[in-house]
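To start, the structure under review is shown below, and the notes come after it.
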Amino acid sequence: MTHRDYPVWLEDSYAVDSEGVRSYARATRSPHVPYAMSRVVPADSPVPSLIVAQPVFRTAVSMMSEEIEDFTVSRLLHVAQTVRQVAPLRIGDVCSIGARITDRLTKAGIDLFEVDCVVTVGDDVRIETSSTVAYAADAEIPVEVAAEGVVMHGSVL
């Protein structure tokens, strides 16, 4: 897996810092990240792999916006996502993000995109993700189009 495998490559685009981990832990109520008693999370604390969800999804949305004429974020529905942690992230890591659209299918006026992303630190792959995102060009996406695990509708993290 190289930079050439991904049409979008954002070099050194996301830094993992203790305040970001602390904020993420508070927002998700993660019991694994110590944040209540300290202003700084210890460097050896576990960093949840989904901490990269925001930059990964923004990258995917950016790619989709280039594929769709008159793109509007409110017509998006994040249907499903898989995340594979190859190696853990650590506080202080500076990550690069690669993204590619691997599939696009249109059904009943709704485009279904499959977007794969990779998060690396240096040359080492740390996290791989695959997202299914629906886009309704002519109307809002009916909720029944999505599976039970709807993650996000009409917004970019």
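Residue numbering restarts at 1 in every chain; chains get A, B, ... in the order shown in the structure tokens, and ligands count up from 1 in that same order.
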request  = Report as an MDAnalysis selection string: the residues of chain A with a DSSP assignment of helix (DSSP H, G or I), based on the backbone of this structure.
outcome  = chainID A and resid 3:5 18:28 49:67 73:75 143:145
Generate the output file for the selected residues, N, CA and C atoms, as an mmCIF file, in the first residue's frame.
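Saved the output as selection-v9.cif:
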data_model
loop_
_atom_site.group_PDB
_atom_site.id
_atom_site.type_symbol
_atom_site.label_atom_id
_atom_site.label_comp_id
_atom_site.auth_asym_id
_atom_site.auth_seq_id
_atom_site.Cartn_x
_atom_site.Cartn_y
_atom_site.Cartn_z
ATOM 1 N N HIS A 3 1.314 5.620 -1.405
ATOM 2 C CA HIS A 3 0.593 6.862 -1.691
ATOM 3 C C HIS A 3 -0.072 6.791 -3.050
ATOM 4 N N ARG A 4 0.543 6.082 -3.991
ATOM 5 C CA ARG A 4 -0.014 5.968 -5.345
ATOM 6 C C ARG A 4 -1.329 5.192 -5.366
ATOM 7 N N ASP A 5 -1.604 4.409 -4.339
ATOM 8 C CA ASP A 5 -2.843 3.639 -4.275
ATOM 9 C C ASP A 5 -4.045 4.507 -3.923
ATOM 10 N N SER A 18 -2.813 15.199 23.467
ATOM 11 C CA SER A 18 -3.519 14.781 24.682
ATOM 12 C C SER A 18 -4.846 15.512 24.843
ATOM 13 N N GLU A 19 -4.938 16.768 24.440
ATOM 14 C CA GLU A 19 -6.205 17.491 24.574
ATOM 15 C C GLU A 19 -7.261 16.919 23.628
ATOM 16 N N GLY A 20 -6.867 16.539 22.424
ATOM 17 C CA GLY A 20 -7.804 15.913 21.497
ATOM 18 C C GLY A 20 -8.307 14.579 22.026
ATOM 19 N N VAL A 21 -7.407 13.792 22.601
ATOM 20 C CA VAL A 21 -7.794 12.506 23.184
ATOM 21 C C VAL A 21 -8.716 12.729 24.374
ATOM 22 N N ARG A 22 -8.382 13.709 25.198
ATOM 23 C CA ARG A 22 -9.195 14.028 26.374
ATOM 24 C C ARG A 22 -10.596 14.478 25.953
ATOM 25 N N SER A 23 -10.688 15.334 24.953
ATOM 26 C CA SER A 23 -11.979 15.809 24.451
ATOM 27 C C SER A 23 -12.792 14.661 23.869
ATOM 28 N N TYR A 24 -12.129 13.802 23.109
ATOM 29 C CA TYR A 24 -12.807 12.649 22.520
ATOM 30 C C TYR A 24 -13.336 11.731 23.632
ATOM 31 N N ALA A 25 -12.531 11.490 24.641
ATOM 32 C CA ALA A 25 -12.936 10.610 25.738
ATOM 33 C C ALA A 25 -14.136 11.180 26.487
ATOM 34 N N ARG A 26 -14.131 12.497 26.718
ATOM 35 C CA ARG A 26 -15.283 13.133 27.363
ATOM 36 C C ARG A 26 -16.533 13.004 26.500
ATOM 37 N N ALA A 27 -16.405 13.283 25.209
ATOM 38 C CA ALA A 27 -17.559 13.265 24.302
ATOM 39 C C ALA A 27 -18.162 11.871 24.170
ATOM 40 N N THR A 28 -17.311 10.855 24.186
ATOM 41 C CA THR A 28 -17.796 9.475 24.016
ATOM 42 C C THR A 28 -17.925 8.736 25.345
ATOM 43 N N SER A 49 -9.223 4.237 18.210
ATOM 44 C CA SER A 49 -9.001 4.325 16.767
ATOM 45 C C SER A 49 -9.991 5.266 16.087
ATOM 46 N N LEU A 50 -11.192 5.415 16.644
ATOM 47 C CA LEU A 50 -12.180 6.295 16.023
ATOM 48 C C LEU A 50 -11.899 7.780 16.247
ATOM 49 N N ILE A 51 -10.804 8.101 16.916
ATOM 50 C CA ILE A 51 -10.446 9.511 17.068
ATOM 51 C C ILE A 51 -10.193 10.141 15.702
ATOM 52 N N VAL A 52 -9.872 9.332 14.699
ATOM 53 C CA VAL A 52 -9.625 9.851 13.350
ATOM 54 C C VAL A 52 -10.900 9.912 12.503
ATOM 55 N N ALA A 53 -12.058 9.644 13.097
ATOM 56 C CA ALA A 53 -13.316 9.635 12.329
ATOM 57 C C ALA A 53 -13.575 10.969 11.639
ATOM 58 N N GLN A 54 -13.356 12.062 12.338
ATOM 59 C CA GLN A 54 -13.627 13.379 11.750
ATOM 60 C C GLN A 54 -12.753 13.655 10.525
ATOM 61 N N PRO A 55 -11.439 13.585 10.613
ATOM 62 C CA PRO A 55 -10.654 13.879 9.408
ATOM 63 C C PRO A 55 -10.871 12.861 8.289
ATOM 64 N N VAL A 56 -11.118 11.600 8.636
ATOM 65 C CA VAL A 56 -11.378 10.584 7.613
ATOM 66 C C VAL A 56 -12.685 10.876 6.885
ATOM 67 N N PHE A 57 -13.742 11.197 7.638
ATOM 68 C CA PHE A 57 -15.032 11.456 6.990
ATOM 69 C C PHE A 57 -14.986 12.743 6.168
ATOM 70 N N ARG A 58 -14.313 13.756 6.668
ATOM 71 C CA ARG A 58 -14.176 14.995 5.885
ATOM 72 C C ARG A 58 -13.455 14.725 4.569
ATOM 73 N N THR A 59 -12.454 13.886 4.600
ATOM 74 C CA THR A 59 -11.730 13.543 3.383
ATOM 75 C C THR A 59 -12.651 12.815 2.408
ATOM 76 N N ALA A 60 -13.446 11.871 2.919
ATOM 77 C CA ALA A 60 -14.392 11.138 2.065
ATOM 78 C C ALA A 60 -15.422 12.083 1.453
ATOM 79 N N VAL A 61 -15.957 12.982 2.249
ATOM 80 C CA VAL A 61 -16.960 13.935 1.757
ATOM 81 C C VAL A 61 -16.344 14.852 0.700
ATOM 82 N N SER A 62 -15.120 15.265 0.902
ATOM 83 C CA SER A 62 -14.436 16.104 -0.072
ATOM 84 C C SER A 62 -14.318 15.383 -1.414
ATOM 85 N N MET A 63 -13.975 14.103 -1.373
ATOM 86 C CA MET A 63 -13.874 13.322 -2.612
ATOM 87 C C MET A 63 -15.235 13.201 -3.295
ATOM 88 N N MET A 64 -16.272 12.933 -2.515
ATOM 89 C CA MET A 64 -17.612 12.795 -3.085
ATOM 90 C C MET A 64 -18.075 14.106 -3.700
ATOM 91 N N SER A 65 -17.739 15.222 -3.084
ATOM 92 C CA SER A 65 -18.180 16.522 -3.594
ATOM 93 C C SER A 65 -17.595 16.804 -4.976
ATOM 94 N N GLU A 66 -16.443 16.227 -5.261
ATOM 95 C CA GLU A 66 -15.837 16.382 -6.582
ATOM 96 C C GLU A 66 -16.510 15.502 -7.630
ATOM 97 N N GLU A 67 -17.181 14.450 -7.188
ATOM 98 C CA GLU A 67 -17.852 13.516 -8.100
ATOM 99 C C GLU A 67 -19.291 13.924 -8.416
ATOM 100 N N VAL A 73 -24.288 18.978 1.444
ATOM 101 C CA VAL A 73 -24.014 18.095 2.577
ATOM 102 C C VAL A 73 -25.297 17.547 3.196
ATOM 103 N N SER A 74 -26.379 18.307 3.195
ATOM 104 C CA SER A 74 -27.619 17.854 3.841
ATOM 105 C C SER A 74 -28.243 16.647 3.149
ATOM 106 N N ARG A 75 -27.724 16.269 2.005
ATOM 107 C CA ARG A 75 -28.258 15.106 1.276
ATOM 108 C C ARG A 75 -27.422 13.844 1.503
ATOM 109 N N VAL A 143 -35.099 7.935 5.852
ATOM 110 C CA VAL A 143 -34.382 7.209 6.896
ATOM 111 C C VAL A 143 -34.433 5.706 6.662
ATOM 112 N N GLU A 144 -35.516 5.206 6.086
ATOM 113 C CA GLU A 144 -35.620 3.756 5.888
ATOM 114 C C GLU A 144 -34.598 3.217 4.887
ATOM 115 N N VAL A 145 -33.913 4.099 4.135
ATOM 116 C CA VAL A 145 -32.865 3.652 3.213
ATOM 117 C C VAL A 145 -31.677 3.118 3.987
#
task = Do a neighbour search on Ser45 in chain A at 9 Å with only C-alpha atoms, toss out local chain neighbours closer than 6 positions, and write the hits as a VMD selection string.
result = chain A and resid 32 to 34 90 to 91
inquiry  = Which residues are close to range 131-140 of chain A, i.e. within 10 Å by only C-alpha atoms, leaving aside same-chain residues fewer than 2 positions away? Reply as a PyMOL selection string.
reply    = chain A and resi 56-57+60-61+64+68-83+101+103-117+129+142-143+145-146+151-154
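Near Leu10 in chain A, within 8 Å and counting only C-alpha atoms, sit Ser96, Ile97 and Gly98 of chain A; same-chain residues fewer than 5 positions away were not included.
Here CA of Cys95 in chain A and CA of Ser13 in chain A stand 6.0 Å from one another.
Restricting the calculation to only C-alpha atoms, the smallest distance between Gly122 in chain A and any of A:Pro48, A:Thr102, A:Asp93, A:Pro31 is found for A:Asp93.
We find CA of Trp9 in chain A and CA of Arg100 in chain A to be spaced 9.2 Å apart.
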Secondary structure check, strand (DSSP E or B) residues of range 83-144 of chain A, as a PyMOL selection string = chain A and resi 83-85+89+94-107+110-121+124-136
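One finds CA of Pro46 in chain A at 17.0 Å from CA of Thr120 in chain A.
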